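Colleague: Have a peek at structure07.csv (CSV, C-alpha atoms and all ligand atoms).
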```
chain,number,residue,atom,x,y,z
K,1,LEU,CA,22.3,-13.4,-26.0
K,2,TYR,CA,26.0,-13.1,-25.2
K,3,ALA,CA,26.8,-16.5,-26.6
K,4,THR,CA,29.6,-17.1,-28.9
K,5,TYR,CA,32.9,-15.8,-27.8
K,6,LEU,CA,35.9,-17.8,-26.8
K,7,ILE,CA,37.3,-18.4,-23.3
K,8,ILE,CA,40.8,-17.4,-24.1
K,9,PRO,CA,42.8,-14.4,-25.2
K,10,PHE,CA,42.5,-13.9,-28.9
K,11,THR,CA,46.2,-14.2,-29.6
K,12,SER,CA,46.0,-17.6,-28.1
K,13,VAL,CA,43.0,-18.5,-30.3
K,14,LEU,CA,45.2,-18.3,-33.3
K,15,GLN,CA,47.8,-20.6,-31.8
K,16,GLY,CA,45.0,-23.0,-30.8
K,17,VAL,CA,43.1,-23.0,-34.1
K,18,GLY,CA,44.7,-26.3,-35.3
K,19,LEU,CA,43.6,-28.1,-32.1
K,20,LEU,CA,40.3,-26.3,-32.1
K,21,GLN,CA,39.5,-27.4,-35.6
K,22,LYS,CA,40.3,-31.0,-34.6
K,23,GLY,CA,38.2,-30.8,-31.5
K,24,MET,CA,35.4,-28.4,-32.0
K,25,GLY,CA,33.9,-29.7,-35.2
K,26,ALA,CA,30.4,-28.9,-34.2
K,27,LEU,CA,31.1,-25.5,-32.8
K,28,GLY,CA,30.8,-22.6,-35.2
K,29,ARG,CA,33.2,-20.5,-33.2
K,30,VAL,CA,36.4,-21.0,-35.2
K,31,THR,CA,34.7,-19.5,-38.2
K,32,GLU,CA,33.7,-16.6,-36.1
K,33,VAL,CA,37.2,-16.1,-34.7
K,34,GLN,CA,38.7,-16.2,-38.2
K,35,ALA,CA,36.2,-13.6,-39.3
K,36,LEU,CA,37.6,-11.1,-36.8
K,37,PRO,CA,39.4,-8.2,-38.3
K,38,VAL,CA,43.0,-8.7,-38.9
K,39,GLU,CA,45.2,-7.5,-36.1
K,40,ASP,CA,45.6,-3.8,-35.7
K,41,THR,CA,49.2,-3.4,-34.8
K,42,ALA,CA,48.9,0.3,-34.6
K,43,GLY,CA,48.0,1.7,-31.2
K,44,ALA,CA,49.7,2.1,-27.9
K,45,ALA,CA,50.9,-0.8,-25.9
K,46,VAL,CA,48.7,-1.7,-22.9
K,47,PRO,CA,50.7,-0.4,-19.9
K,48,ALA,CA,52.4,-3.3,-18.2
K,49,GLY,CA,52.3,-3.3,-14.5
K,50,SER,CA,50.6,-4.8,-11.5
K,51,GLY,CA,47.0,-5.1,-12.1
K,52,LEU,CA,44.4,-3.4,-14.3
K,53,ALA,CA,41.7,-1.0,-13.3
K,54,LEU,CA,38.8,-0.8,-15.7
K,55,GLU,CA,36.4,2.1,-15.8
K,56,PHE,CA,33.2,2.7,-17.8
K,57,ARG,CA,32.7,6.4,-17.9
K,58,ASP,CA,29.2,7.6,-19.0
K,59,VAL,CA,29.1,5.0,-21.8
K,60,TRP,CA,26.2,5.2,-24.2
K,61,PHE,CA,25.6,2.5,-26.8
K,62,ARG,CA,22.9,1.6,-29.3
K,63,TYR,CA,22.4,-1.3,-31.6
K,64,ARG,CA,21.0,0.4,-34.7
K,65,ASP,CA,18.2,2.5,-33.3
K,66,ARG,CA,17.9,0.6,-30.1
K,67,PRO,CA,19.5,2.2,-27.0
K,68,VAL,CA,21.1,-0.5,-25.0
K,69,LEU,CA,23.5,1.2,-22.6
K,70,ARG,CA,22.5,4.6,-21.3
K,71,GLY,CA,25.2,6.5,-19.4
K,72,VAL,CA,26.8,3.5,-17.8
K,73,SER,CA,29.6,4.3,-15.3
K,74,PHE,CA,31.3,1.9,-12.9
K,75,THR,CA,34.9,0.8,-12.1
K,76,VAL,CA,36.6,-2.5,-11.5
K,77,GLU,CA,39.7,-2.0,-9.4
K,78,PRO,CA,42.7,-4.3,-9.8
K,79,ARG,CA,42.0,-7.7,-8.1
K,80,SER,CA,38.5,-6.7,-7.1
K,81,HIS,CA,35.4,-8.7,-7.9
K,82,VAL,CA,32.5,-6.9,-9.4
K,83,ALA,CA,29.2,-8.6,-10.3
K,84,VAL,CA,26.8,-7.2,-13.0
K,85,VAL,CA,23.2,-8.2,-12.4
K,86,GLY,CA,20.0,-7.4,-14.3
K,87,LEU,CA,17.2,-9.0,-16.2
K,88,SER,CA,17.6,-10.6,-19.6
K,89,GLY,CA,18.1,-7.8,-22.1
K,90,ALA,CA,19.4,-5.3,-19.5
K,91,GLY,CA,22.7,-4.9,-21.4
K,92,LYS,CA,25.0,-7.1,-19.4
K,93,SER,CA,26.6,-8.9,-22.3
K,94,THR,CA,26.9,-5.7,-24.2
K,95,VAL,CA,29.2,-4.5,-21.4
K,96,PHE,CA,31.4,-7.4,-22.1
K,97,SER,CA,31.3,-6.8,-25.9
K,98,LEU,CA,32.4,-3.2,-25.4
K,99,ILE,CA,35.3,-4.4,-23.1
K,100,GLU,CA,36.4,-6.8,-25.8
K,101,ARG,CA,36.1,-4.1,-28.4
K,102,PHE,CA,33.6,-5.9,-30.6
K,103,TYR,CA,31.8,-2.6,-30.5
K,104,GLU,CA,32.7,1.0,-29.6
K,105,PRO,CA,30.7,3.3,-27.3
K,106,ASP,CA,28.6,5.9,-29.1
K,107,SER,CA,29.8,8.3,-26.5
K,108,GLY,CA,31.6,8.0,-23.2
K,109,VAL,CA,34.7,5.9,-22.8
K,110,VAL,CA,36.0,2.6,-21.5
K,111,LEU,CA,39.3,3.1,-19.7
K,112,ALA,CA,42.0,0.8,-18.6
K,113,ASN,CA,44.4,2.2,-16.0
K,114,GLY,CA,43.2,5.6,-17.1
K,115,SER,CA,43.7,5.2,-20.9
K,116,ASP,CA,40.9,4.8,-23.5
K,117,ILE,CA,41.0,1.1,-24.5
K,118,ARG,CA,40.5,2.3,-28.2
K,119,ASP,CA,44.1,3.7,-28.0
K,120,PHE,CA,45.6,0.3,-27.5
K,121,SER,CA,46.4,-2.3,-30.1
K,122,ARG,CA,43.2,-4.4,-30.1
K,123,ASP,CA,45.0,-7.8,-30.1
K,124,GLN,CA,47.3,-6.7,-27.3
K,125,TRP,CA,44.4,-5.5,-25.3
K,126,ARG,CA,42.5,-8.7,-25.8
K,127,SER,CA,45.6,-10.7,-24.8
K,128,ARG,CA,45.2,-9.1,-21.3
K,129,ILE,CA,41.6,-10.3,-21.0
K,130,ALA,CA,40.2,-13.8,-20.7
K,131,LEU,CA,36.6,-14.7,-21.0
K,132,VAL,CA,34.8,-17.7,-19.6
K,133,ASP,CA,31.4,-17.9,-21.1
K,134,GLN,CA,28.3,-19.8,-20.1
K,135,ASP,CA,28.8,-22.4,-22.7
K,136,SER,CA,32.1,-23.9,-21.5
K,137,THR,CA,33.9,-25.6,-24.2
K,138,VAL,CA,35.7,-28.8,-23.7
K,139,LEU,CA,37.6,-30.3,-26.6
K,140,ASN,CA,38.2,-33.9,-27.7
K,141,GLY,CA,41.6,-34.4,-26.1
K,142,THR,CA,43.3,-34.8,-22.8
K,143,LEU,CA,42.9,-32.5,-19.9
K,144,ARG,CA,46.4,-31.2,-20.7
K,145,ASP,CA,45.3,-30.4,-24.3
K,146,ASN,CA,42.3,-28.6,-23.0
K,147,LEU,CA,44.3,-26.4,-20.7
K,148,SER,CA,47.4,-25.7,-22.7
K,149,TYR,CA,46.1,-24.7,-26.0
K,150,ALA,CA,45.5,-21.3,-24.4
K,151,ALA,CA,49.1,-21.1,-23.2
K,152,PRO,CA,51.2,-23.8,-25.0
K,153,HIS,CA,54.4,-23.3,-23.1
K,154,SER,CA,52.9,-24.0,-19.7
K,155,SER,CA,54.7,-26.3,-17.4
K,156,ASP,CA,53.0,-29.1,-15.4
K,157,ARG,CA,53.4,-26.9,-12.4
K,158,ASP,CA,51.5,-24.1,-14.1
K,159,LEU,CA,48.7,-26.5,-15.0
K,160,HIS,CA,48.4,-27.9,-11.5
K,161,GLU,CA,48.4,-24.4,-10.1
K,162,VAL,CA,45.4,-23.3,-12.2
K,163,LEU,CA,43.7,-26.5,-11.6
K,164,GLU,CA,44.0,-25.9,-7.9
K,165,LEU,CA,42.7,-22.4,-8.3
K,166,ALA,CA,39.8,-23.7,-10.2
K,167,ASN,CA,39.1,-26.2,-7.6
K,168,LEU,CA,39.8,-29.2,-9.8
K,169,SER,CA,42.6,-30.9,-8.0
K,170,GLU,CA,40.3,-33.6,-6.8
K,171,LEU,CA,39.1,-34.3,-10.3
K,172,VAL,CA,42.7,-34.6,-11.5
K,173,ALA,CA,43.5,-37.1,-8.7
K,174,ARG,CA,40.5,-39.1,-9.8
K,175,LEU,CA,41.3,-39.3,-13.5
K,176,PRO,CA,43.1,-42.5,-14.3
K,177,ASP,CA,45.9,-40.9,-16.2
K,178,GLY,CA,45.9,-37.4,-14.5
K,179,LEU,CA,46.6,-34.6,-16.9
K,180,ASN,CA,46.9,-37.0,-19.8
K,181,THR,CA,43.5,-38.5,-19.5
K,182,PRO,CA,41.3,-38.0,-22.6
K,183,LEU,CA,38.2,-36.2,-21.6
K,184,GLY,CA,36.0,-37.8,-24.2
K,185,GLU,CA,34.0,-36.2,-26.9
K,186,ARG,CA,33.5,-32.6,-25.7
K,187,GLY,CA,34.0,-33.6,-22.1
K,188,ARG,CA,30.9,-35.7,-22.0
K,189,ALA,CA,32.1,-37.6,-18.9
K,190,LEU,CA,32.4,-34.4,-17.0
K,191,SER,CA,29.7,-32.5,-15.2
K,192,GLY,CA,28.6,-29.0,-16.4
K,193,GLY,CA,30.3,-27.5,-13.3
K,194,GLU,CA,33.6,-29.3,-14.0
K,195,ARG,CA,33.5,-28.2,-17.6
K,196,GLN,CA,33.0,-24.6,-16.5
K,197,ARG,CA,35.9,-24.9,-14.1
K,198,ILE,CA,38.1,-26.3,-16.8
K,199,ALA,CA,37.3,-23.3,-18.8
K,200,LEU,CA,38.2,-21.1,-15.8
K,201,ALA,CA,41.5,-22.9,-15.3
K,202,ARG,CA,42.3,-22.5,-19.0
K,203,ALA,CA,41.5,-18.8,-18.7
K,204,LEU,CA,43.7,-18.4,-15.6
K,205,LEU,CA,46.6,-20.1,-17.3
K,206,THR,CA,46.9,-17.1,-19.6
K,207,ARG,CA,47.5,-14.9,-16.5
K,208,PRO,CA,44.9,-12.3,-17.6
K,209,ASP,CA,44.7,-8.9,-15.9
K,210,LEU,CA,40.9,-9.0,-16.3
K,211,LEU,CA,38.7,-12.0,-16.3
K,212,LEU,CA,35.2,-11.8,-17.7
K,213,LEU,CA,33.0,-14.6,-16.5
K,214,ASP,CA,29.4,-15.2,-17.6
K,215,GLU,CA,28.2,-17.4,-14.9
K,216,PRO,CA,26.1,-20.4,-16.1
K,217,THR,CA,22.4,-20.1,-15.6
K,218,ALA,CA,22.1,-23.9,-15.9
K,219,HIS,CA,21.4,-25.8,-12.7
K,220,LEU,CA,24.5,-26.8,-10.7
K,221,ASP,CA,24.3,-29.3,-7.9
K,222,PRO,CA,25.3,-27.9,-4.5
K,223,VAL,CA,28.8,-29.5,-4.6
K,224,ASN,CA,29.5,-28.0,-8.0
K,225,GLU,CA,28.0,-24.7,-7.0
K,226,ARG,CA,30.3,-24.4,-4.0
K,227,ALA,CA,33.2,-25.5,-6.1
K,228,LEU,CA,32.5,-22.8,-8.6
K,229,HIS,CA,32.2,-20.2,-5.9
K,230,ARG,CA,35.5,-21.1,-4.4
K,231,ALA,CA,37.1,-21.0,-7.8
K,232,ILE,CA,35.7,-17.6,-8.5
K,233,ARG,CA,37.0,-16.4,-5.1
K,234,HIS,CA,40.5,-17.7,-6.0
K,235,ALA,CA,40.3,-16.1,-9.5
K,236,ALA,CA,39.6,-12.7,-7.9
K,237,GLN,CA,42.9,-13.0,-6.0
K,238,GLU,CA,44.7,-13.3,-9.3
K,239,CYS,CA,43.2,-10.6,-11.4
K,240,ALA,CA,40.3,-8.1,-11.7
K,241,LEU,CA,37.1,-10.1,-12.1
K,242,LEU,CA,33.9,-8.9,-13.7
K,243,VAL,CA,31.1,-11.5,-13.5
K,244,ILE,CA,27.7,-11.5,-15.1
K,245,ALA,CA,26.2,-13.2,-12.1
K,246,HIS,CA,23.0,-15.3,-12.1
K,247,ARG,CA,23.2,-16.8,-8.6
K,248,LEU,CA,22.6,-15.1,-5.3
K,249,SER,CA,25.5,-17.0,-3.8
K,250,THR,CA,27.9,-15.6,-6.4
K,251,ILE,CA,26.4,-12.1,-6.1
K,252,ARG,CA,26.9,-12.0,-2.4
K,253,GLN,CA,30.6,-12.6,-2.6
K,254,ALA,CA,31.3,-9.7,-5.0
K,255,ASP,CA,33.0,-6.6,-3.6
K,256,ARG,CA,30.5,-4.5,-5.6
K,257,ILE,CA,27.4,-5.2,-7.5
K,258,VAL,CA,26.4,-3.1,-10.5
K,259,VAL,CA,22.6,-3.3,-11.0
K,260,LEU,CA,21.7,-2.7,-14.6
K,261,ARG,CA,18.1,-2.0,-15.6
K,262,ALA,CA,17.2,-1.3,-19.2
K,263,GLY,CA,20.8,-0.2,-19.9
K,264,GLU,CA,21.1,2.1,-16.9
K,265,VAL,CA,23.1,1.5,-13.7
K,266,ILE,CA,20.4,2.1,-11.2
K,267,ALA,CA,22.5,1.2,-8.2
K,268,GLN,CA,25.9,-0.1,-7.2
K,269,ASP,CA,27.1,-1.3,-3.8
K,270,THR,CA,27.6,-4.4,-1.8
K,271,HIS,CA,24.8,-7.0,-1.5
K,272,ASP,CA,24.2,-6.0,2.2
K,273,GLU,CA,23.9,-2.3,1.3
K,274,LEU,CA,21.6,-2.8,-1.7
K,275,LEU,CA,19.4,-5.3,0.0
K,276,GLY,CA,16.4,-3.5,1.5
K,277,ILE,CA,17.2,0.0,0.1
K,278,ASN,CA,16.9,-0.8,-3.5
K,279,ASN,CA,13.5,-2.4,-4.3
K,280,PHE,CA,14.4,-3.5,-7.8
K,281,TYR,CA,17.6,-5.3,-6.5
K,282,THR,CA,15.8,-6.8,-3.6
K,283,THR,CA,13.1,-8.2,-5.8
K,284,LEU,CA,15.6,-9.4,-8.3
K,285,VAL,CA,17.6,-11.4,-5.8
K,286,THR,CA,15.0,-12.5,-3.3
K,287,GLY,CA,12.3,-13.2,-5.7
K,288,GLY,CA,14.3,-16.0,-7.4
K,289,PHE,CA,14.6,-13.9,-10.6
K,290,VAL,CA,18.4,-14.1,-10.6
K,291,ASP,CA,18.7,-17.8,-10.3
K,292,ASN,CA,16.1,-19.0,-12.7
K,293,SER,CA,15.6,-16.2,-15.2
K,294,LYS,CA,11.9,-15.7,-14.4
K,295,SER,CA,10.5,-12.7,-16.1
K,296,LEU,CA,10.3,-9.9,-13.7
K,297,GLU,CA,8.3,-7.9,-16.2
K,298,THR,CA,5.5,-10.4,-16.5
K,299,GLU,CA,5.4,-11.5,-12.9
K,300,ILE,CA,6.0,-8.2,-11.1
K,301,SER,CA,5.7,-5.1,-13.1
K,302,PRO,CA,5.4,-4.6,-16.8
K,303,GLY,CA,8.2,-2.5,-18.1
K,304,TRP,CA,10.8,-3.3,-15.4
K,305,ARG,CA,13.9,-4.0,-17.4
A,1,LIG,P1,20.8,-11.8,-21.3
A,1,LIG,O1,20.9,-12.0,-19.8
A,1,LIG,O2,19.5,-12.3,-21.9
A,1,LIG,O3,22.0,-12.4,-22.0
A,1,LIG,P2,21.8,-9.1,-21.4
A,1,LIG,O4,21.5,-8.3,-20.1
A,1,LIG,O5,23.1,-9.7,-21.5
A,1,LIG,O6,20.7,-10.2,-21.6
A,1,LIG,P3,22.3,-7.9,-23.9
A,1,LIG,O7,22.7,-9.2,-24.6
A,1,LIG,O8,23.5,-7.0,-23.6
A,1,LIG,O9,21.5,-8.2,-22.6
A,1,LIG,O10,21.3,-7.2,-24.8
A,1,LIG,C1,20.8,-5.9,-24.5
A,1,LIG,C2,19.8,-5.5,-25.6
A,1,LIG,O11,20.5,-5.4,-26.9
A,1,LIG,C3,18.7,-6.6,-25.8
A,1,LIG,O12,17.5,-5.9,-26.0
A,1,LIG,C4,19.1,-7.3,-27.1
A,1,LIG,O13,18.0,-7.7,-27.8
A,1,LIG,C5,19.9,-6.2,-27.8
A,1,LIG,N1,20.9,-6.8,-28.6
A,1,LIG,C6,21.9,-7.6,-28.2
A,1,LIG,N2,22.8,-7.9,-29.2
A,1,LIG,C7,22.3,-7.3,-30.3
A,1,LIG,C8,22.8,-7.2,-31.6
A,1,LIG,N3,23.9,-7.8,-32.0
A,1,LIG,N4,22.0,-6.5,-32.5
A,1,LIG,C9,20.9,-5.9,-32.1
A,1,LIG,N5,20.4,-5.9,-30.8
A,1,LIG,C10,21.1,-6.6,-29.9
```
For the file at hand, write its structure as structure tokens.

Modeller:
Amino acid sequence: LYATYLIIPFTSVLQGVGLLQKGMGALGRVTEVQALPVEDTAGAAVPAGSGLALEFRDVWFRYRDRPVLRGVSFTVEPRSHVAVVGLSGAGKSTVFSLIERFYEPDSGVVLANGSDIRDFSRDQWRSRIALVDQDSTVLNGTLRDNLSYAAPHSSDRDLHEVLELANLSELVARLPDGLNTPLGERGRALSGGERQRIALARALLTRPDLLLLDEPTAHLDPVNERALHRAIRHAAQECALLVIAHRLSTIRQADRIVVLRAGEVIAQDTHDELLGINNFYTTLVTGGFVDNSKSLETEISPGWR
């Protein structure tokens, strides 16, 4: 359900709109971005500094009459890696939407370094966040275009650095014209895993304090899967990382896992701690429900969400 947001801070979106319009004809996203409310310049500046700590404190949220988040509390420390897991509809994407301030909590608060994120200028806040969604977008253009529209003044050194972090150096070495190689229409020549890592490299280029990553549910071959995990590990060294995780192998490498069930955090701990002591979590990750989106409700217990 969490489908249509961009992979880059929103200030960069505006800079990139020209290129996006050239390259993303079929994607309806530009319209969506343009429809966003005009910048709210009012609001405090997001505190600069080393790292960003995010906290959900007793957050309640409903879509119309439907409660979606029910007293959600968790923290993401600077440069830590937190995974959110849960069945479809548990509220994972809504957590991202609240962080991005597409919606506001009905009660409770989302804090960044101790301040309510609603007190910040929305655009400035969004410029500190990057998002890599499941549907990794690659534009018609070169690899360089694809990376640098998010941060137009990047040097080649910057580009190579994020490509290395995203585990793409080998790909670049293989491309006939390196960074200047056209990637073809929407990156058709690339694998899904490579496209996702290009999106990740692009996100890292903006030096976010917080990276939101919605891990792809689509099948990745083992090579791409390992490459993605390494890239995620690298990303977590650069910034705070909150991942909607769909693969056991990604979940295992998180510092903490937040288990969402029907909008409630029913447990949060490391994989090893949760395994065995939390039945829902154990069924979720060992029953294959995480990797292939089987319906736990229908297969195990009606009403488990
Ligand atoms: P998935 O893994 O399928 O993406 P999720 O855990 O991310 O699921 P959410 O997308 O956060 O879950 O949705 C939580 C609940 O809120 C679902 O019941 C969904 O139908 C509902 N919902 C999501 N977006 C909206 C919306 N814009 N308007 C009304 N209801 C919504």

Colleague: In Å, with one decimal, what is the gap from atom CA of His234 of chain K to atom O9 of ligand LIG 1 (chain A)?

Modeller: 27.0 Å

Colleague: What does the structure give for the distance between atom C4 of ligand LIG 1 (chain A) and atom CA of Ser88 of chain K, in Å to one decimal?

Modeller: 8.3 Å

Colleague: With distances taken over only C-alpha atoms and all ligand atoms, which of K:Arg230, K:Arg70, K:His153, K:Arg256 is nearest to ligand LIG 1 (chain A)?

Modeller: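 So, comparing all the options, the nearest one is K:Arg70.
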
Colleague: Name the closest residue to Arg144 of chain K among the candidates K:Arg79, K:Arg174, K:Arg202, K:His246; distances are taken between atoms, counting all atoms listed in the file.

Modeller: K:Arg202

Colleague: Show me which residues line ligand LIG 1 (chain A), defined as having an atom within 9 Å of a ligand atom where all atoms listed in the file count, and present them as a ChimeraX atom specification.

Modeller: /K:1-3,62-69,84-97,244,246,260-263,293

Colleague: If we count only C-alpha atoms and set the cut-off at 6 Å, which residues sit around segment 107-113 of chain K, ignoring sequence neighbours fewer than 2 positions away in its own chain? Please answer as a PDB file with C-alpha atoms, keeping the file's coordinate frame.

Modeller:
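Saved file part.pdb follows:
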```pdb
ATOM      1  CA  LEU K  52      44.400  -3.400 -14.300  1.00  0.00           C
ATOM      2  CA  ALA K  53      41.700  -1.000 -13.300  1.00  0.00           C
ATOM      3  CA  LEU K  54      38.800  -0.800 -15.700  1.00  0.00           C
ATOM      4  CA  GLU K  55      36.400   2.100 -15.800  1.00  0.00           C
ATOM      5  CA  PHE K  56      33.200   2.700 -17.800  1.00  0.00           C
ATOM      6  CA  ARG K  57      32.700   6.400 -17.900  1.00  0.00           C
ATOM      7  CA  ASP K  58      29.200   7.600 -19.000  1.00  0.00           C
ATOM      8  CA  VAL K  59      29.100   5.000 -21.800  1.00  0.00           C
ATOM      9  CA  TRP K  60      26.200   5.200 -24.200  1.00  0.00           C
ATOM     10  CA  PRO K 105      30.700   3.300 -27.300  1.00  0.00           C
ATOM     11  CA  SER K 115      43.700   5.200 -20.900  1.00  0.00           C
ATOM     12  CA  ASP K 116      40.900   4.800 -23.500  1.00  0.00           C
ATOM     13  CA  ILE K 117      41.000   1.100 -24.500  1.00  0.00           C
TER      14      ILE K 117
END
```

Colleague: For a test of reading the model, state the distance in Å between atom CA of Leu248 of chain K and atom CA of Val285 of chain K, rounded to one decimal.

Modeller: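 These atoms are spaced 6.2 Å apart.
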
Colleague: For Glu161 of chain K, list every protein, DNA or RNA residue within 12 Å, evaluated using only C-alpha atoms, and leave out those in the same chain fewer than 3 positions away; present the list as a list in words.

Modeller: Leu147, Ser154, Ser155, Asp156, Arg157, Asp158, Glu164, Leu165, Ala166, Asn167, Leu168, Ser169, Val172, Ala201, Arg202, Leu204, Leu205, Arg207, His234, Ala235 and Glu238 of chain K

Colleague: List as a PDB file with C-alpha atoms, in the coordinates of the input the protein and nucleic acid residues near Gln196 of chain K, meaning an atom at most 12 Å away when all atoms listed in the file are counted, but skip any in the same chain fewer than 2 places from it.

Modeller:
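Once everything was written out, this is part-v2.pdb:
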```pdb
ATOM      1  CA  ILE K   7      37.300 -18.400 -23.300  1.00  0.00           C
ATOM      2  CA  LEU K 131      36.600 -14.700 -21.000  1.00  0.00           C
ATOM      3  CA  VAL K 132      34.800 -17.700 -19.600  1.00  0.00           C
ATOM      4  CA  ASP K 133      31.400 -17.900 -21.100  1.00  0.00           C
ATOM      5  CA  GLN K 134      28.300 -19.800 -20.100  1.00  0.00           C
ATOM      6  CA  ASP K 135      28.800 -22.400 -22.700  1.00  0.00           C
ATOM      7  CA  SER K 136      32.100 -23.900 -21.500  1.00  0.00           C
ATOM      8  CA  THR K 137      33.900 -25.600 -24.200  1.00  0.00           C
ATOM      9  CA  VAL K 138      35.700 -28.800 -23.700  1.00  0.00           C
ATOM     10  CA  LEU K 163      43.700 -26.500 -11.600  1.00  0.00           C
ATOM     11  CA  ALA K 166      39.800 -23.700 -10.200  1.00  0.00           C
ATOM     12  CA  ASN K 167      39.100 -26.200  -7.600  1.00  0.00           C
ATOM     13  CA  LEU K 168      39.800 -29.200  -9.800  1.00  0.00           C
ATOM     14  CA  GLY K 187      34.000 -33.600 -22.100  1.00  0.00           C
ATOM     15  CA  LEU K 190      32.400 -34.400 -17.000  1.00  0.00           C
ATOM     16  CA  SER K 191      29.700 -32.500 -15.200  1.00  0.00           C
ATOM     17  CA  GLY K 192      28.600 -29.000 -16.400  1.00  0.00           C
ATOM     18  CA  GLY K 193      30.300 -27.500 -13.300  1.00  0.00           C
ATOM     19  CA  GLU K 194      33.600 -29.300 -14.000  1.00  0.00           C
ATOM     20  CA  ILE K 198      38.100 -26.300 -16.800  1.00  0.00           C
ATOM     21  CA  ALA K 199      37.300 -23.300 -18.800  1.00  0.00           C
ATOM     22  CA  LEU K 200      38.200 -21.100 -15.800  1.00  0.00           C
ATOM     23  CA  ALA K 201      41.500 -22.900 -15.300  1.00  0.00           C
ATOM     24  CA  ARG K 202      42.300 -22.500 -19.000  1.00  0.00           C
ATOM     25  CA  ALA K 203      41.500 -18.800 -18.700  1.00  0.00           C
ATOM     26  CA  LEU K 213      33.000 -14.600 -16.500  1.00  0.00           C
ATOM     27  CA  ASP K 214      29.400 -15.200 -17.600  1.00  0.00           C
ATOM     28  CA  GLU K 215      28.200 -17.400 -14.900  1.00  0.00           C
ATOM     29  CA  PRO K 216      26.100 -20.400 -16.100  1.00  0.00           C
ATOM     30  CA  THR K 217      22.400 -20.100 -15.600  1.00  0.00           C
ATOM     31  CA  ALA K 218      22.100 -23.900 -15.900  1.00  0.00           C
ATOM     32  CA  LEU K 220      24.500 -26.800 -10.700  1.00  0.00           C
ATOM     33  CA  ASN K 224      29.500 -28.000  -8.000  1.00  0.00           C
ATOM     34  CA  GLU K 225      28.000 -24.700  -7.000  1.00  0.00           C
ATOM     35  CA  ALA K 227      33.200 -25.500  -6.100  1.00  0.00           C
ATOM     36  CA  LEU K 228      32.500 -22.800  -8.600  1.00  0.00           C
ATOM     37  CA  HIS K 229      32.200 -20.200  -5.900  1.00  0.00           C
ATOM     38  CA  ALA K 231      37.100 -21.000  -7.800  1.00  0.00           C
ATOM     39  CA  ILE K 232      35.700 -17.600  -8.500  1.00  0.00           C
TER      40      ILE K 232
END
```

Colleague: Tell me which protein, DNA and RNA residues are within 9 Å of Gln253 of chain K, counting all atoms listed in the file, leaving out same-chain ones fewer than 6 positions away, and put them as a VMD selection string.

Modeller: chain K and resid 81 83 229 233 270 to 271

Colleague: Considering all atoms listed in the file, return as an NGL selection string whatever protein or nucleic-acid residues lie within 6 Å of Leu143 of chain K, sequence-local ones (same chain, fewer than 2 positions apart) excluded.

Modeller: :K and (145-146 or 179)
